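*Asks:* Here it is, the structure in full.
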Amino acid sequence: MAEIQSSCAYCGVGCGLTISHHSSQTLAESNLSLTLKGDSSHPANFGRLCAKGEKLLLSLNQPNTLRYPKLRSGKPLEWDVATRLIADKFQQTIAQHGPNSVALYLSGQLLTEDYYVANKFAKGYLKTANVDTNSRLCMSSAVSAMQRAFGEDVVPGCYQDFEQAEVIVLIGANTAWTHPVLFQRMLAAKQTHGCKLVVIDPISTATAKQADLHLAVSPGADLSLFVGLLGYLADNQCLNDEYIKNHTEGFETVIEHAQRVSGNLAALANTVGVSAVDLTAFYHLFSSHTKVVTASCQGVNQSVIGTDTTNAIINCHLALGQIGQAGAGFFSLTGQPNAMGGREVGGLATQLASHMGFSEQEQALLADFWQCDHVATKPGLAAVEMFDALAKGNIKAIWIMGTNPVVSLPESDKIAKALADCPFVVVSEVSPDSDTAKLADVLLPAQGWSEKCGTVTNSERCITRQRGFIAAKGQAKPDWWALSQVAINMGFSGFEYQDNAAIFSEYALLSQTVNHAFPHKRFNLGGLAGLTKAQYDTLPPTQWPVATQQQIGQQHQRVFTDAQFSTPSGKAQFIAPAKKIEVLNHHQGDSLDQQPLTLLLNSGRSRDQWHTMTRTGHIASLRANVPEPTLSLHSRLLKPFDLVAGELAQIQSATDTSFTLARVTVDDDLPLSLANMSMHWSEQFSLGKGVNQAIDNRFDPVSKQPGFKCQPVRLFPVKLALQGVVFGDHDAQAQGLTWQVAQTLTTGICYHLGFADQQEGFAYQASPFSLKWTVMLDANTGKSQQLHIQCNTDKGRLIALKVLSNQPVNIALETMNALIGQTLTPKLLNQLHQQLKAGNSPVICSCTGITDAAIGDEVNRQFNQQVLLKGIKHVQFEQILDATQSSLGCGRKCGSCNSEVRQCAQKHWEEALTFAPSIDESEVGHEYAKPIKEDVA
């Protein structure tokens, strides 16, 4: 049995993996005999994986895999023809319109070697800095803030700090869902030494529910909160005056304003949207402990004031002298597996390689190293600017790699039109099915995660070797190879790489060269520059900076421990926000009377999905928890917006006519000012497309990161005349569909669909099916529901099944789909009737597939047992919860569903208790074994 160590393809935690297969070959021919587990020796996860990571092998079974280059027409190409075509088009475009008429748009899914070659190609040889990455959409505000404060894009701390901290502050980060393995390390710190967890988020998220203190701040109030905290630290003589004096600059530019903000804590609490008691409790926790870590993520970054907010956080840690100290400081939680690796090699349009800017000295160094006459002389267009230029016709050719901007960028319908109108679009992808791939003039088959080799850098600066373990499908090639072939075809030298090891060695040598020229920079991979191919192939996880080979394999390293920073003066910088904070002396309130016609829309994450679902959308177990796009809002907002839970809503941009559709769900953990929709949906999976249809493209002026969070939208009800689910054969191009969502099941695909027009719905319903009938059900709401059932058979076997109604249809999808292919008999019809009556129970734990109903049954079983053993008065919920989780395993693997499992168990526990008071204590004994839930029902 062969074992290969690699890294996870999802978030920036950078978990290590061990993939095993029974083969004497280096690479497996398929994934059928593979097994995957967490690498117990990797410093990021020590063997733990989340639900998505556990199911990574399932992501390899793509419904449609791109195996050869092809034109938009579908005509296949040989690689040499494709690369020559791209080279010719780029040369012609530059000759006619200049170097800035071409662009590259990259991805945090690329390996560092891919990123490096892309930046050398564009910034060094094409002479354009129009090279940006989807990391702009998630990380650039944190990058800009660290550059302003520290002089360099360096996360000072490491994961070990979370385990040593006395207080962990998570702001704008639902870490239980987005970084579950790291969150488990935080929870372990709570258990082992009583670390306090503070969560700052407008929403009572899965993370907030496990916090010691949750500050449900008003959307956008994070900046005020931390400016006020700095003032509070000064007001209460908590500052590290010696550190501020000797190792920082600019303190006087921030402190006066901060103390004005903190001068009236009651007024500040009103401004922030929390109680004065909670505000003071947080400030006291922060100021009274020496080991405090503040970690931020998209809730801070994806804002038009994201950079200023991050600097306000860093200001507080600088004021206490906590940067680079064990168990303390600011930590940026990275969204993608190689967002940091991309930044190291200049993946952002605002950087050059090895953390360099565009000064004449830096340009000259890079041009000399790359042996080109000169490099790009100024920053290029960031993501939003790039696609605006595309829409205006200023960019004539673009190469997109490993990302799906038609879905992920704001105003996504305009992005699609811009690409459709662009004279030349190249897309490198694994599958031809993404919304962006469908707009490519030339589509190139890229190697996927299981096939390609290289390095990635995680949130704590740890470089991990990603190793391929499956032979590449068809003619799929590494992205660096495709770039190099185009460069060679354009007549450029320096791209004759034999393998990814040669690229890495060049990149590491560049970092050493830069470090010698600019010794104040902390990024340095000089110790990795002389690796042989064998040493590179066996490279262990290593945290940079790595100045010597003796540091290979080092872990748990912090930066700036000596309080010497990467600025010209060597001192860290306090940064004042561009806009002064106005403290309100009156309570803003949360009354519905104050609600405008618009509502703030938060574009967030679903627990089990990733990006635009191109990697996870076809995995049945990951789709089970949230099968359709949903819009969540507080129950008190249904009536004002004329919405009905379970029905559809149209979400429209407040400044545009673009809109998307979603099914309305109630979540009273949301504030009255905010609605929530996940960012994963696209036209590939849903007729209603995605949330970014309704998000405008405003961005932070410093980082140029789009402000995806908390944008005003209008909500309108969508009345469906007919809706339901279709199993088996279905015409996905059926006329008149208002709503259609494809969902992968373990045994096939079903379609959730709906018709707004009654006649079109009836026409679809009347389409030729061999067997039709109507069932009246008594729904849980107490209202009757009319279900129209239609079957179609072929030689007596069921090949299609429609379940339609004028109301939302609630059925067990997997069970119903399992009927497809069976012989249609009276027994099968009876089974079908029983399933229709039974309804559906949602999946709560994706790791185990445990449903709400299963948790309810086990809670009641445990309740009965405890009553038998101890009597009703001694039954405790925590014991029932622990016994239920131990028995079912739910919430005991990756832990990301812990809060949902608790909520579900609490609901069933309370149901059980409604019957318990009527039980006479004298009845409790061996004879007592009444099924509590059934009696309640």
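Lettering and numbering for the structure tokens are positional, with chains as A, B, ... in the shown order, residues counted from 1 in each chain, and ligands counted from 1 in the shown order.
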Within 8 Å of Gln160 in chain A, counting only C-alpha atoms, which residues qualify if same-chain residues fewer than 2 places away don't, as JSON, numbers by chain?
*Replies:* {"A": [158, 162, 163, 164, 327, 556]}
*Asks:* Counting only C-alpha atoms, which residues of range 490-609 of chain A fall within 8 Å of range 618-633 of chain A, and what is the closest atom pair for each with its distance in Å at one decimal, ordered by chain and rising number, as CSV?
*Replies:*
residue,atom,partner,partner_atom,distance
A:Ser606,CA,A:Val626,CA,7.6
A:Asp608,CA,A:Leu622,CA,5.4
A:Gln609,CA,A:Leu622,CA,6.7
*Asks:* Give me, as a PyMOL selection string, all polymer residues having an atom no more than 8 Å from range 687-703 of chain A, counting only C-alpha atoms and skipping those fewer than 2 positions away in the same chain.
*Replies:* chain A and resi 140-141+143-144+303-307+384+407-413+603+651-653+655-656+658-662+677-685+705-708+711+713+738-741
*Asks:* Put those residues in a file: N, CA and C atoms, as a compact mmCIF listing (two decimals), in the first residue's frame.
*Replies:*
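Written file, again-v2.txt:
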# COMPACT_ATOMS: atom_id res chain seq x y z
N SER A 140 -7.75 40.93 0.77
CA SER A 140 -6.92 42.09 0.47
C SER A 140 -7.02 43.21 1.51
N SER A 141 -8.13 43.31 2.23
CA SER A 141 -8.20 44.34 3.28
C SER A 141 -7.25 44.03 4.42
N VAL A 143 -4.51 42.28 4.03
CA VAL A 143 -3.19 42.49 3.44
C VAL A 143 -2.81 43.96 3.51
N SER A 144 -3.71 44.81 3.07
CA SER A 144 -3.42 46.25 3.07
C SER A 144 -3.19 46.78 4.47
N SER A 303 -15.80 44.68 3.27
CA SER A 303 -16.46 45.91 3.67
C SER A 303 -15.74 47.07 3.02
N VAL A 304 -16.45 48.17 2.80
CA VAL A 304 -15.81 49.34 2.21
C VAL A 304 -14.92 50.06 3.22
N ILE A 305 -14.95 49.62 4.49
CA ILE A 305 -14.03 50.16 5.50
C ILE A 305 -13.21 49.02 6.12
N GLY A 306 -13.03 47.95 5.35
CA GLY A 306 -12.35 46.77 5.88
C GLY A 306 -10.92 47.02 6.29
N THR A 307 -10.17 47.81 5.51
CA THR A 307 -8.77 48.07 5.83
C THR A 307 -8.67 48.92 7.09
N VAL A 384 -12.32 44.21 -9.39
CA VAL A 384 -13.50 44.96 -9.84
C VAL A 384 -13.13 45.91 -10.97
N VAL A 407 -19.73 34.25 -11.22
CA VAL A 407 -20.53 34.02 -10.02
C VAL A 407 -19.99 34.77 -8.81
N SER A 408 -18.67 34.80 -8.68
CA SER A 408 -18.07 35.28 -7.42
C SER A 408 -17.91 36.78 -7.33
N LEU A 409 -17.91 37.49 -8.44
CA LEU A 409 -17.76 38.94 -8.40
C LEU A 409 -19.11 39.63 -8.26
N PRO A 410 -19.13 40.83 -7.66
CA PRO A 410 -20.40 41.57 -7.58
C PRO A 410 -20.89 41.97 -8.96
N GLU A 411 -22.21 42.27 -9.03
CA GLU A 411 -22.86 42.60 -10.30
C GLU A 411 -22.54 41.54 -11.34
N SER A 412 -22.78 40.30 -10.96
CA SER A 412 -22.30 39.17 -11.76
C SER A 412 -22.93 39.10 -13.14
N ASP A 413 -24.13 39.62 -13.31
CA ASP A 413 -24.71 39.61 -14.66
C ASP A 413 -23.90 40.50 -15.60
N SER A 603 -24.08 38.51 2.43
CA SER A 603 -23.77 37.32 1.63
C SER A 603 -22.76 36.49 2.40
N ILE A 651 -34.81 38.96 -4.66
CA ILE A 651 -33.89 39.88 -4.00
C ILE A 651 -33.30 40.77 -5.07
N GLN A 652 -33.58 42.07 -4.98
CA GLN A 652 -33.17 43.00 -6.03
C GLN A 652 -32.25 44.06 -5.46
N SER A 653 -31.19 44.36 -6.20
CA SER A 653 -30.28 45.42 -5.79
C SER A 653 -31.05 46.73 -5.63
N THR A 655 -30.00 49.59 -6.12
CA THR A 655 -29.59 50.59 -7.10
C THR A 655 -29.69 50.09 -8.53
N ASP A 656 -30.27 48.90 -8.71
CA ASP A 656 -30.27 48.29 -10.03
C ASP A 656 -31.48 47.39 -10.16
N SER A 658 -31.12 44.27 -11.32
CA SER A 658 -30.66 42.89 -11.24
C SER A 658 -31.23 42.21 -10.01
N PHE A 659 -31.55 40.94 -10.15
CA PHE A 659 -32.14 40.25 -9.00
C PHE A 659 -31.78 38.77 -9.03
N THR A 660 -31.99 38.15 -7.88
CA THR A 660 -31.86 36.70 -7.76
C THR A 660 -33.07 36.19 -6.99
N LEU A 661 -33.24 34.88 -6.97
CA LEU A 661 -34.37 34.26 -6.27
C LEU A 661 -33.85 33.33 -5.19
N ALA A 662 -34.61 33.20 -4.11
CA ALA A 662 -34.26 32.28 -3.04
C ALA A 662 -35.52 31.88 -2.29
N MET A 677 -27.99 35.45 2.77
CA MET A 677 -28.04 34.46 1.69
C MET A 677 -26.63 34.00 1.40
N SER A 678 -26.45 32.69 1.21
CA SER A 678 -25.11 32.17 0.96
C SER A 678 -24.65 32.54 -0.44
N MET A 679 -23.31 32.59 -0.58
CA MET A 679 -22.71 33.07 -1.83
C MET A 679 -22.44 31.97 -2.84
N HIS A 680 -22.83 30.73 -2.54
CA HIS A 680 -22.37 29.59 -3.35
C HIS A 680 -23.14 29.37 -4.65
N TRP A 681 -24.36 29.86 -4.72
CA TRP A 681 -25.24 29.43 -5.82
C TRP A 681 -24.88 30.11 -7.13
N SER A 682 -25.10 29.39 -8.22
CA SER A 682 -24.80 29.89 -9.56
C SER A 682 -25.80 29.31 -10.53
N GLU A 683 -25.73 29.77 -11.77
CA GLU A 683 -26.64 29.27 -12.79
C GLU A 683 -26.37 27.79 -13.09
N GLN A 684 -25.18 27.32 -12.76
CA GLN A 684 -24.87 25.91 -12.95
C GLN A 684 -25.79 25.01 -12.13
N PHE A 685 -26.25 25.52 -10.98
CA PHE A 685 -27.08 24.73 -10.09
C PHE A 685 -28.49 25.29 -9.90
N GLN A 705 -11.00 45.83 -2.13
CA GLN A 705 -11.79 44.62 -1.92
C GLN A 705 -13.27 44.98 -1.94
N PRO A 706 -14.08 44.22 -2.70
CA PRO A 706 -15.52 44.53 -2.76
C PRO A 706 -16.20 44.42 -1.40
N GLY A 707 -17.19 45.27 -1.19
CA GLY A 707 -17.95 45.26 0.06
C GLY A 707 -19.18 44.38 -0.04
N PHE A 708 -18.96 43.07 -0.03
CA PHE A 708 -20.06 42.12 -0.21
C PHE A 708 -21.07 42.14 0.94
N GLN A 711 -25.31 45.01 2.12
CA GLN A 711 -25.72 45.94 1.08
C GLN A 711 -27.24 46.04 1.04
N VAL A 713 -30.93 45.99 -0.20
CA VAL A 713 -31.67 45.31 -1.27
C VAL A 713 -33.17 45.49 -1.04
N THR A 738 -39.93 29.17 -13.50
CA THR A 738 -39.48 30.31 -12.71
C THR A 738 -38.38 29.89 -11.75
N TRP A 739 -38.46 28.67 -11.29
CA TRP A 739 -37.56 28.15 -10.25
C TRP A 739 -37.12 26.75 -10.65
N GLN A 740 -35.82 26.53 -10.66
CA GLN A 740 -35.31 25.19 -10.91
C GLN A 740 -33.94 25.06 -10.25
N VAL A 741 -33.80 24.09 -9.37
CA VAL A 741 -32.54 23.84 -8.68
C VAL A 741 -32.21 22.36 -8.82
*Asks:* So which residues touch Ala312 in chain A within 7 Å, counting only C-alpha atoms, skipping near sequence neighbours fewer than 3 positions away, as a PyMOL selection string?
*Replies:* chain A and resi 223+226-227+308-309+315-316
*Asks:* Per DSSP on the backbone, filter range 720-925 of chain A down to the residues in helix (DSSP H, G or I) and report them as a PyMOL selection string.
*Replies:* chain A and resi 758-765+813-817+826-838+852-870+872-874+877-888+898-918+921-923
*Asks:* Output C-alpha atoms for every residue in the selection just made, as a PDB file, in the first residue's frame.
*Replies:*
ATOM      1  CA  GLN A 758     -50.593  28.934 -13.780  1.00  0.00           C
ATOM      2  CA  GLN A 759     -51.136  27.980 -17.420  1.00  0.00           C
ATOM      3  CA  GLU A 760     -47.477  27.090 -17.975  1.00  0.00           C
ATOM      4  CA  GLY A 761     -47.494  25.096 -14.753  1.00  0.00           C
ATOM      5  CA  PHE A 762     -50.599  23.201 -15.828  1.00  0.00           C
ATOM      6  CA  ALA A 763     -49.064  22.598 -19.258  1.00  0.00           C
ATOM      7  CA  TYR A 764     -46.010  21.039 -17.617  1.00  0.00           C
ATOM      8  CA  GLN A 765     -48.213  19.045 -15.255  1.00  0.00           C
ATOM      9  CA  LEU A 813     -35.613  13.030  -1.473  1.00  0.00           C
ATOM     10  CA  GLU A 814     -33.242  10.087  -1.210  1.00  0.00           C
ATOM     11  CA  THR A 815     -36.052   7.663  -0.418  1.00  0.00           C
ATOM     12  CA  MET A 816     -38.213   8.895  -3.283  1.00  0.00           C
ATOM     13  CA  ASN A 817     -35.371   8.823  -5.777  1.00  0.00           C
ATOM     14  CA  PRO A 826     -49.447  -1.834  -6.059  1.00  0.00           C
ATOM     15  CA  LYS A 827     -46.886  -2.435  -3.315  1.00  0.00           C
ATOM     16  CA  LEU A 828     -44.624   0.282  -4.723  1.00  0.00           C
ATOM     17  CA  LEU A 829     -47.567   2.678  -5.009  1.00  0.00           C
ATOM     18  CA  ASN A 830     -48.424   2.044  -1.377  1.00  0.00           C
ATOM     19  CA  GLN A 831     -44.798   2.676  -0.426  1.00  0.00           C
ATOM     20  CA  LEU A 832     -44.950   5.922  -2.359  1.00  0.00           C
ATOM     21  CA  HIS A 833     -48.082   7.005  -0.479  1.00  0.00           C
ATOM     22  CA  GLN A 834     -46.412   6.273   2.842  1.00  0.00           C
ATOM     23  CA  GLN A 835     -43.384   8.362   1.914  1.00  0.00           C
ATOM     24  CA  LEU A 836     -45.564  11.286   0.883  1.00  0.00           C
ATOM     25  CA  LYS A 837     -47.265  11.215   4.272  1.00  0.00           C
ATOM     26  CA  ALA A 838     -44.009  10.829   6.187  1.00  0.00           C
ATOM     27  CA  ASP A 852     -33.422  15.920  12.899  1.00  0.00           C
ATOM     28  CA  ALA A 853     -35.744  12.923  13.271  1.00  0.00           C
ATOM     29  CA  ALA A 854     -32.877  10.611  14.255  1.00  0.00           C
ATOM     30  CA  ILE A 855     -31.733  13.057  16.917  1.00  0.00           C
ATOM     31  CA  GLY A 856     -35.321  13.359  18.174  1.00  0.00           C
ATOM     32  CA  ASP A 857     -35.706   9.588  18.440  1.00  0.00           C
ATOM     33  CA  GLU A 858     -32.423   9.226  20.306  1.00  0.00           C
ATOM     34  CA  VAL A 859     -33.161  12.126  22.668  1.00  0.00           C
ATOM     35  CA  ASN A 860     -36.459  10.484  23.571  1.00  0.00           C
ATOM     36  CA  ARG A 861     -34.802   7.098  24.036  1.00  0.00           C
ATOM     37  CA  GLN A 862     -32.160   8.584  26.286  1.00  0.00           C
ATOM     38  CA  PHE A 863     -34.816  10.561  28.149  1.00  0.00           C
ATOM     39  CA  ASN A 864     -36.809   7.426  28.844  1.00  0.00           C
ATOM     40  CA  GLN A 865     -33.732   5.608  30.081  1.00  0.00           C
ATOM     41  CA  GLN A 866     -32.759   8.448  32.387  1.00  0.00           C
ATOM     42  CA  VAL A 867     -36.283   8.619  33.792  1.00  0.00           C
ATOM     43  CA  LEU A 868     -36.137   4.886  34.516  1.00  0.00           C
ATOM     44  CA  LEU A 869     -32.789   5.134  36.251  1.00  0.00           C
ATOM     45  CA  LYS A 870     -32.987   8.446  38.089  1.00  0.00           C
ATOM     46  CA  ILE A 872     -37.706  12.851  36.210  1.00  0.00           C
ATOM     47  CA  LYS A 873     -36.318  15.394  38.650  1.00  0.00           C
ATOM     48  CA  HIS A 874     -32.756  14.213  38.075  1.00  0.00           C
ATOM     49  CA  PHE A 877     -30.218  18.065  29.368  1.00  0.00           C
ATOM     50  CA  GLU A 878     -26.401  18.045  29.124  1.00  0.00           C
ATOM     51  CA  GLN A 879     -26.384  14.346  30.000  1.00  0.00           C
ATOM     52  CA  ILE A 880     -29.053  13.634  27.381  1.00  0.00           C
ATOM     53  CA  LEU A 881     -27.129  15.655  24.778  1.00  0.00           C
ATOM     54  CA  ASP A 882     -23.849  13.910  25.539  1.00  0.00           C
ATOM     55  CA  ALA A 883     -25.465  10.468  25.420  1.00  0.00           C
ATOM     56  CA  THR A 884     -27.229  11.310  22.143  1.00  0.00           C
ATOM     57  CA  GLN A 885     -24.030  12.524  20.495  1.00  0.00           C
ATOM     58  CA  SER A 886     -22.093   9.520  21.786  1.00  0.00           C
ATOM     59  CA  SER A 887     -24.689   7.154  20.391  1.00  0.00           C
ATOM     60  CA  LEU A 888     -25.157   8.817  16.974  1.00  0.00           C
ATOM     61  CA  ASN A 898     -22.228  21.290  17.191  1.00  0.00           C
ATOM     62  CA  SER A 899     -24.504  24.269  17.704  1.00  0.00           C
ATOM     63  CA  GLU A 900     -27.117  22.873  15.294  1.00  0.00           C
ATOM     64  CA  VAL A 901     -27.049  19.496  17.038  1.00  0.00           C
ATOM     65  CA  ARG A 902     -27.494  21.222  20.398  1.00  0.00           C
ATOM     66  CA  GLN A 903     -30.405  23.310  19.113  1.00  0.00           C
ATOM     67  CA  CYS A 904     -32.066  20.265  17.613  1.00  0.00           C
ATOM     68  CA  ALA A 905     -31.622  18.177  20.770  1.00  0.00           C
ATOM     69  CA  GLN A 906     -32.855  21.082  22.905  1.00  0.00           C
ATOM     70  CA  LYS A 907     -36.033  21.277  20.819  1.00  0.00           C
ATOM     71  CA  HIS A 908     -36.771  17.573  21.256  1.00  0.00           C
ATOM     72  CA  TRP A 909     -35.821  17.706  24.928  1.00  0.00           C
ATOM     73  CA  GLU A 910     -38.361  20.472  25.506  1.00  0.00           C
ATOM     74  CA  GLU A 911     -40.974  18.453  23.630  1.00  0.00           C
ATOM     75  CA  ALA A 912     -40.275  15.509  25.906  1.00  0.00           C
ATOM     76  CA  LEU A 913     -40.563  17.701  28.989  1.00  0.00           C
ATOM     77  CA  THR A 914     -44.053  18.839  27.986  1.00  0.00           C
ATOM     78  CA  PHE A 915     -45.253  15.351  28.852  1.00  0.00           C
ATOM     79  CA  ALA A 916     -42.968  14.719  31.824  1.00  0.00           C
ATOM     80  CA  PRO A 917     -44.843  16.812  34.452  1.00  0.00           C
ATOM     81  CA  SER A 918     -47.948  14.632  34.076  1.00  0.00           C
ATOM     82  CA  GLU A 921     -43.140   9.920  40.432  1.00  0.00           C
ATOM     83  CA  SER A 922     -44.539   6.678  41.796  1.00  0.00           C
ATOM     84  CA  GLU A 923     -44.887   5.418  38.222  1.00  0.00           C
TER      85      GLU A 923
END
*Asks:* Could you tell me which of A:Val514, A:Leu225, A:Ala349, A:Ala269 comes closest to Glu362 in chain A if we count only C-alpha atoms?
*Replies:*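 Closest to Glu362 in chain A, using only C-alpha atoms: A:Val514.
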*Asks:* Excluding same-chain residues fewer than 6 positions from range 467-470 of chain A, what lies within 12 Å of it counting only C-alpha atoms, as a PyMOL selection string?
*Replies:* chain A and resi 2-9+16-23+25-36+57+60+111+447-456+476+478+500-501+536-540
*Asks:* With C-alpha atoms retained, export the selected residues as a compact mmCIF listing (two decimals), in the first residue's frame.
*Replies:*
# COMPACT_ATOMS: atom_id res chain seq x y z
CA ALA A 2 1.38 3.40 -1.04
CA GLU A 3 0.85 6.50 1.12
CA ILE A 4 1.13 10.07 -0.08
CA GLN A 5 1.14 13.18 2.13
CA SER A 6 -0.62 16.20 0.67
CA SER A 7 -2.74 19.17 1.69
CA CYS A 8 -6.45 19.90 1.74
CA ALA A 9 -7.98 21.81 -1.17
CA GLY A 16 -2.39 17.88 6.00
CA LEU A 17 -3.77 14.72 4.37
CA THR A 18 -2.64 11.14 3.98
CA ILE A 19 -3.94 9.41 0.87
CA SER A 20 -3.49 5.65 0.61
CA HIS A 21 -3.96 3.36 -2.36
CA HIS A 22 -3.18 -0.26 -3.13
CA SER A 23 -0.87 0.02 -6.08
CA GLN A 25 2.58 2.63 -9.13
CA THR A 26 3.42 6.15 -7.97
CA LEU A 27 0.01 7.40 -9.06
CA ALA A 28 -3.34 5.66 -8.87
CA GLU A 29 -5.22 5.19 -12.13
CA SER A 30 -8.53 6.10 -10.46
CA ASN A 31 -9.91 7.03 -7.06
CA LEU A 32 -11.81 3.77 -6.58
CA SER A 33 -9.26 2.16 -4.28
CA LEU A 34 -8.18 5.32 -2.47
CA THR A 35 -8.68 6.18 1.17
CA LEU A 36 -8.09 9.56 2.75
CA LEU A 57 -12.29 12.06 -2.64
CA LEU A 60 -13.12 13.91 -7.79
CA LEU A 111 -0.32 26.37 -6.48
CA GLN A 447 -4.96 19.45 -13.64
CA GLY A 448 -7.08 19.26 -10.52
CA TRP A 449 -6.14 19.00 -6.85
CA SER A 450 -5.62 15.23 -7.00
CA GLU A 451 -3.37 15.44 -10.07
CA LYS A 452 -1.09 18.43 -9.66
CA CYS A 453 2.07 18.90 -7.59
CA GLY A 454 3.50 21.98 -5.95
CA THR A 455 3.29 24.02 -2.77
CA VAL A 456 0.67 25.99 -0.84
CA ALA A 476 -4.93 17.92 -18.51
CA PRO A 478 -0.42 21.98 -14.83
CA ASN A 500 7.54 22.38 -10.55
CA ALA A 501 10.67 21.83 -8.41
CA TYR A 536 11.71 19.20 -2.84
CA ASP A 537 9.60 16.10 -3.29
CA THR A 538 10.10 15.15 0.38
CA LEU A 539 9.83 18.69 1.77
CA PRO A 540 8.10 18.60 5.18
*Asks:* I need the residue nearest Tyr243 in chain A from this list: A:Thr598, A:Gln298, A:Gln322, A:Ser204. Use only C-alpha atoms for the distance.
*Replies:*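 Closest candidate: A:Gln322.
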